[in-house]
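K.L.:
Quick one, coords.cif (mmCIF, C-alpha atoms):
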```
data_coords
loop_
_atom_site.group_PDB
_atom_site.id
_atom_site.type_symbol
_atom_site.label_atom_id
_atom_site.label_comp_id
_atom_site.auth_asym_id
_atom_site.auth_seq_id
_atom_site.Cartn_x
_atom_site.Cartn_y
_atom_site.Cartn_z
ATOM 1 C CA ARG X 5 -15.676 -3.160 -13.519
ATOM 2 C CA ILE X 6 -12.266 -4.211 -12.364
ATOM 3 C CA ALA X 7 -10.620 -3.654 -9.007
ATOM 4 C CA VAL X 8 -7.320 -5.140 -7.936
ATOM 5 C CA ALA X 9 -6.706 -5.598 -4.247
ATOM 6 C CA GLY X 10 -4.040 -6.926 -1.989
ATOM 7 C CA ASP X 11 -3.015 -7.235 1.616
ATOM 8 C CA SER X 12 0.466 -6.264 2.793
ATOM 9 C CA ALA X 13 2.919 -7.471 0.130
ATOM 10 C CA GLY X 14 -0.106 -8.263 -2.025
ATOM 11 C CA SER X 15 -1.042 -4.585 -1.921
ATOM 12 C CA ASN X 16 2.331 -3.868 -3.493
ATOM 13 C CA PHE X 17 1.446 -6.226 -6.356
ATOM 14 C CA ALA X 18 -1.986 -4.602 -6.718
ATOM 15 C CA ALA X 19 -0.420 -1.145 -6.925
ATOM 16 C CA ALA X 20 2.082 -2.308 -9.537
ATOM 17 C CA VAL X 21 -0.659 -3.905 -11.681
ATOM 18 C CA ALA X 22 -2.065 -0.496 -12.597
ATOM 19 C CA LEU X 23 1.378 0.770 -13.572
ATOM 20 C CA ARG X 24 2.080 -2.353 -15.585
ATOM 21 C CA ALA X 25 -1.291 -2.247 -17.335
ATOM 22 C CA ARG X 26 -0.579 1.266 -18.575
ATOM 23 C CA GLU X 27 2.939 0.259 -19.657
ATOM 24 C CA ASP X 28 1.484 -2.645 -21.666
ATOM 25 C CA ASP X 29 -1.372 -0.552 -23.133
ATOM 26 C CA ALA X 30 -3.834 -2.805 -21.325
ATOM 27 C CA ARG X 31 -7.023 -1.731 -19.616
ATOM 28 C CA LEU X 32 -6.318 -0.172 -16.240
ATOM 29 C CA PRO X 33 -8.324 -1.367 -13.268
ATOM 30 C CA ASP X 34 -11.051 0.995 -12.129
ATOM 31 C CA ALA X 35 -9.781 0.846 -8.557
ATOM 32 C CA VAL X 36 -6.845 -0.373 -6.503
ATOM 33 C CA VAL X 37 -7.305 -1.498 -2.894
ATOM 34 C CA MET X 38 -4.234 -1.554 -0.673
ATOM 35 C CA LEU X 39 -4.720 -3.080 2.776
ATOM 36 C CA GLY X 40 -1.564 -2.707 4.828
ATOM 37 C CA ALA X 41 -0.514 -0.423 1.981
ATOM 38 C CA PHE X 42 2.965 -1.402 0.897
ATOM 39 C CA ALA X 43 4.133 1.024 -1.792
ATOM 40 C CA ASP X 44 7.884 1.248 -1.243
ATOM 41 C CA PHE X 45 10.679 -1.265 -0.665
ATOM 42 C CA GLN X 46 12.993 1.584 0.321
ATOM 43 C CA PHE X 47 11.873 1.249 3.945
ATOM 44 C CA GLU X 48 14.657 3.110 5.685
ATOM 45 C CA ARG X 49 13.835 6.477 4.149
ATOM 46 C CA TRP X 50 10.589 6.716 6.165
ATOM 47 C CA SER X 51 10.463 8.024 9.735
ATOM 48 C CA SER X 52 7.699 5.604 10.700
ATOM 49 C CA PHE X 53 9.852 2.644 9.696
ATOM 50 C CA LEU X 54 12.858 3.904 11.627
ATOM 51 C CA ALA X 55 10.729 4.526 14.726
ATOM 52 C CA LEU X 56 8.413 1.495 14.659
ATOM 53 C CA ALA X 57 10.266 -1.387 12.996
ATOM 54 C CA PRO X 58 12.787 -1.816 15.842
ATOM 55 C CA ARG X 59 9.868 -2.416 18.245
ATOM 56 C CA GLY X 60 8.771 -5.479 16.315
ATOM 57 C CA ILE X 61 4.965 -5.034 16.355
ATOM 58 C CA VAL X 62 3.776 -7.678 13.834
ATOM 59 C CA TYR X 63 7.108 -7.493 12.018
ATOM 60 C CA ASP X 64 10.519 -6.082 12.792
ATOM 61 C CA MET X 65 13.559 -4.863 10.876
ATOM 62 C CA ALA X 66 14.911 -8.374 10.380
ATOM 63 C CA PHE X 67 11.620 -9.527 8.884
ATOM 64 C CA ALA X 68 11.590 -6.470 6.611
ATOM 65 C CA GLY X 69 14.977 -7.614 5.327
ATOM 66 C CA PHE X 70 13.567 -11.095 4.755
ATOM 67 C CA ILE X 71 10.648 -9.574 2.828
ATOM 68 C CA ARG X 72 13.021 -7.704 0.547
ATOM 69 C CA GLY X 73 15.074 -10.813 -0.066
ATOM 70 C CA ALA X 74 12.058 -13.047 -0.641
ATOM 71 C CA TYR X 75 10.085 -10.724 -2.904
ATOM 72 C CA VAL X 76 12.716 -8.621 -4.614
ATOM 73 C CA GLY X 77 15.915 -10.640 -4.464
ATOM 74 C CA THR X 78 18.709 -8.799 -6.213
ATOM 75 C CA THR X 79 16.389 -6.438 -8.108
ATOM 76 C CA ALA X 80 16.884 -2.759 -7.324
ATOM 77 C CA TRP X 81 14.377 -1.421 -4.782
ATOM 78 C CA ALA X 82 13.499 1.846 -6.548
ATOM 79 C CA PRO X 83 11.922 0.796 -9.892
ATOM 80 C CA PRO X 84 8.128 1.257 -9.974
ATOM 81 C CA TRP X 85 7.456 -2.480 -10.409
ATOM 82 C CA VAL X 86 9.062 -2.923 -6.975
ATOM 83 C CA SER X 87 8.219 0.429 -5.379
ATOM 84 C CA PRO X 88 5.058 1.747 -7.059
ATOM 85 C CA ILE X 89 5.502 5.036 -5.194
ATOM 86 C CA GLU X 90 8.256 5.782 -7.728
ATOM 87 C CA GLY X 91 5.966 5.341 -10.735
ATOM 88 C CA ASP X 92 4.263 7.895 -12.931
ATOM 89 C CA LEU X 93 0.925 8.154 -11.163
ATOM 90 C CA THR X 94 -0.775 10.306 -13.789
ATOM 91 C CA GLY X 95 -4.144 8.732 -14.580
ATOM 92 C CA TYR X 96 -3.777 6.260 -11.721
ATOM 93 C CA PRO X 97 -7.086 4.665 -10.689
ATOM 94 C CA LEU X 98 -9.019 5.438 -7.531
ATOM 95 C CA THR X 99 -6.984 3.911 -4.730
ATOM 96 C CA VAL X 100 -8.084 2.861 -1.256
ATOM 97 C CA VAL X 101 -5.078 3.145 1.060
ATOM 98 C CA VAL X 102 -5.312 1.485 4.480
ATOM 99 C CA ALA X 103 -2.578 1.363 7.146
ATOM 100 C CA GLY X 104 -2.548 1.722 10.918
ATOM 101 C CA THR X 105 -0.542 4.481 12.557
ATOM 102 C CA GLN X 106 1.603 1.880 14.374
ATOM 103 C CA ASP X 107 2.542 0.164 11.111
ATOM 104 C CA PRO X 108 6.174 0.852 10.162
ATOM 105 C CA ILE X 109 5.102 1.496 6.558
ATOM 106 C CA VAL X 110 2.406 4.079 7.375
ATOM 107 C CA ASP X 111 4.498 7.065 6.238
ATOM 108 C CA SER X 112 5.122 5.523 2.830
ATOM 109 C CA ALA X 113 1.424 4.626 2.550
ATOM 110 C CA ARG X 114 0.439 8.232 3.271
ATOM 111 C CA ALA X 115 3.049 9.506 0.821
ATOM 112 C CA PHE X 116 1.805 7.155 -1.910
ATOM 113 C CA ALA X 117 -1.751 8.415 -1.432
ATOM 114 C CA GLN X 118 -0.522 12.007 -1.580
ATOM 115 C CA ARG X 119 1.490 11.365 -4.745
ATOM 116 C CA ILE X 120 -1.608 9.910 -6.400
ATOM 117 C CA ARG X 121 -3.573 13.034 -5.461
ATOM 118 C CA ASP X 122 -0.722 15.296 -6.582
ATOM 119 C CA ALA X 123 -0.888 13.561 -9.981
ATOM 120 C CA GLY X 124 -4.624 14.328 -10.215
ATOM 121 C CA GLY X 125 -5.940 10.998 -8.941
ATOM 122 C CA ALA X 126 -8.280 10.176 -6.096
ATOM 123 C CA THR X 127 -7.721 8.189 -2.933
ATOM 124 C CA VAL X 128 -9.805 7.014 -0.024
ATOM 125 C CA ASP X 129 -7.532 6.823 2.996
ATOM 126 C CA TYR X 130 -7.990 5.055 6.310
ATOM 127 C CA PHE X 131 -5.206 5.399 8.886
ATOM 128 C CA PRO X 132 -6.633 4.432 12.290
ATOM 129 C CA ASP X 133 -4.702 5.518 15.361
ATOM 130 C CA GLY X 134 -2.775 2.936 17.335
ATOM 131 C CA MET X 135 -3.235 0.058 14.891
ATOM 132 C CA PRO X 136 -0.362 -2.186 13.730
ATOM 133 C CA HIS X 137 0.235 -3.852 10.381
ATOM 134 C CA VAL X 138 -2.691 -6.100 9.270
ATOM 135 C CA PHE X 139 -4.927 -4.694 12.020
ATOM 136 C CA TYR X 140 -7.972 -5.303 9.802
ATOM 137 C CA PHE X 141 -7.770 -9.016 10.621
ATOM 138 C CA PHE X 142 -8.806 -8.234 14.203
ATOM 139 C CA ARG X 143 -12.469 -9.070 14.637
ATOM 140 C CA GLU X 144 -13.102 -5.743 16.343
ATOM 141 C CA GLU X 145 -11.612 -3.728 13.467
ATOM 142 C CA SER X 146 -13.947 -4.303 10.538
ATOM 143 C CA VAL X 147 -14.172 -0.594 9.695
ATOM 144 C CA ALA X 148 -11.458 -1.002 7.047
ATOM 145 C CA TYR X 149 -13.716 -3.347 5.082
ATOM 146 C CA ASP X 150 -16.590 -0.860 5.343
ATOM 147 C CA VAL X 151 -14.299 1.865 3.953
ATOM 148 C CA VAL X 152 -13.351 -0.395 1.031
ATOM 149 C CA ALA X 153 -16.955 -1.422 0.336
ATOM 150 C CA LYS X 154 -18.177 2.182 0.342
ATOM 151 C CA ALA X 155 -15.339 3.376 -1.914
ATOM 152 C CA LEU X 156 -15.911 0.584 -4.437
ATOM 153 C CA ALA X 157 -19.687 1.108 -4.414
ATOM 154 C CA GLU X 158 -19.181 4.786 -5.182
ATOM 155 C CA ALA X 159 -16.539 4.067 -7.838
ATOM 156 C CA PHE X 160 -18.714 1.499 -9.557
ATOM 157 C CA GLY X 161 -21.941 3.455 -9.172
ATOM 158 C CA SER X 162 -23.731 0.770 -7.181
#
```
Can you give me the file's structure in the form of structure tokens?
P.N.:
Amino acid sequence: RIAVAGDSAGSNFAAAVALRAREDDARLPDAVVMLGAFADFQFERWSSFLALAPRGIVYDMAFAGFIRGAYVGTTAWAPPWVSPIEGDLTGYPLTVVVAGTQDPIVDSARAFAQRIRDAGGATVDYFPDGMPHVFYFFREESVAYDVVAKALAEAFGS
């Protein structure tokens, strides 16, 4: 049983691993866990980013630019290794998608989950109201970990 998981930018890497595994004819993970689900470096095309990033809750537009520069550099933002939302999601593993509704990337997280389902895959989504990026690190907000644990237990038959 293999699951790949990541938090924030790490969730982007986790999402790309499944795409890369298929490209390389390697074994796909059985599940992908995306906390602070980050599926698209094309931030500005999402209403949630345009509305929430200027307010600077956890990160702001300037930090989003830093993230692009630090992680992507001069690479185009649309290829699936950078923006997994642009990949062929046919046969994509079960994916747990977690993002708060006050996270600027919540719209892209929801869209990624929907694209997986549209391609015939399964997702377990958790989008709690009023929560910012990385809300699951708050002591009071452990529900996200319960969602992940339950999804993985069901996926792995334990």
K.L.:
Find the spatial neighbours of Gly104 in chain X, counting only C-alpha atoms, within a cut-off of 9 Å - ignore same-chain residues fewer than 6 positions away - and output them as a short mmCIF file (atom, residue, chain, number, x, y, z; two decimals) with C-alpha atoms, in the frame of the given file.
P.N.:
```cif
data_model
loop_
_atom_site.label_atom_id
_atom_site.label_comp_id
_atom_site.auth_asym_id
_atom_site.auth_seq_id
_atom_site.Cartn_x
_atom_site.Cartn_y
_atom_site.Cartn_z
CA GLY X 40 -1.56 -2.71 4.83
CA VAL X 110 2.41 4.08 7.38
CA TYR X 130 -7.99 5.06 6.31
CA PHE X 131 -5.21 5.40 8.89
CA PRO X 132 -6.63 4.43 12.29
CA ASP X 133 -4.70 5.52 15.36
CA GLY X 134 -2.78 2.94 17.34
CA MET X 135 -3.24 0.06 14.89
CA PRO X 136 -0.36 -2.19 13.73
CA HIS X 137 0.24 -3.85 10.38
CA VAL X 138 -2.69 -6.10 9.27
CA PHE X 139 -4.93 -4.69 12.02
CA TYR X 140 -7.97 -5.30 9.80
#
```
K.L.:
At most 9 Å from (8.5, 6.0, -1.6), file frame, all atoms listed in the file: which residues, as a list in words?
P.N.:
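Neighbouring residues, ordered by chain and number, come to Ala43, Asp44, Phe45, Gln46, Phe47, Arg49, Trp50, Ala82, Ser87, Pro88, Ile89, Glu90, Asp111, Ser112, Ala113, Ala115 and Phe116 of chain X.
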K.L.:
Name every residue that the PyMOL selection byres ((chain X and resi 151) around 12) selects in this structure, writing the answer as a count of residues only with chains first and numbers rising.
P.N.:
27
K.L.:
Taking the file as shown, what set of residues would the PyMOL selection byres ((chain X and resi 18) around 12) give back, as a ChimeraX atom specification?
P.N.:
/X:6-17,19-25,32-43,85-88,97,99-101
K.L.:
Using CA of Pro83 in chain X and CA of Asp107 in chain X as the two end points, give the distance in Å to one decimal.
P.N.:
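We find that CA of Pro83 in chain X and CA of Asp107 in chain X lie 23.0 Å from each other.
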K.L.:
Could you check the closest approach to Asp122 in chain X for each of X:Glu48, X:Phe142, X:Gln106, X:Thr94 and tell me which residue wins, using only C-alpha atoms?
P.N.:
X:Thr94
K.L.:
Between CA of Ala80 in chain X and CA of Glu27 in chain X, what is the spacing in Å?
P.N.:
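Distance between the two atoms: 18.9 Å.
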K.L.:
Report, as AutoDock Vina command-line options, the axis-aligned box around all atoms of range 92-98 of chain X present in the file, extended by 5 Å on each side; give centre and edge lengths in Å to one decimal place.
P.N.:
```
--center_x -2.4 --center_y 7.5 --center_z -11.1 --size_x 23.3 --size_y 15.6 --size_z 17.0
```
K.L.:
In Å, rounded to a single decimal, give me how far CA of Gly91 in chain X is from CA of Ala55 in chain X.
P.N.:
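Separation between CA of Ala55 in chain X and CA of Gly91 in chain X: 25.9 Å.
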K.L.:
Would you please work out which residue, of X:Phe141, X:Pro108, X:Arg114, X:Phe160, is nearest to Phe67 in chain X when using only C-alpha atoms?
P.N.:
X:Pro108
K.L.:
Given the file above and the PyMOL selection byres ((chain X and resi 125) around 7), which residues are selected, and can you give them as a list in words?
P.N.:
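Evaluating the PyMOL selection byres ((chain X and resi 125) around 7) on these coordinates yields Gly95, Tyr96, Pro97, Leu98, Ile120, Arg121, Ala123, Gly124, Ala126 and Thr127 of chain X.
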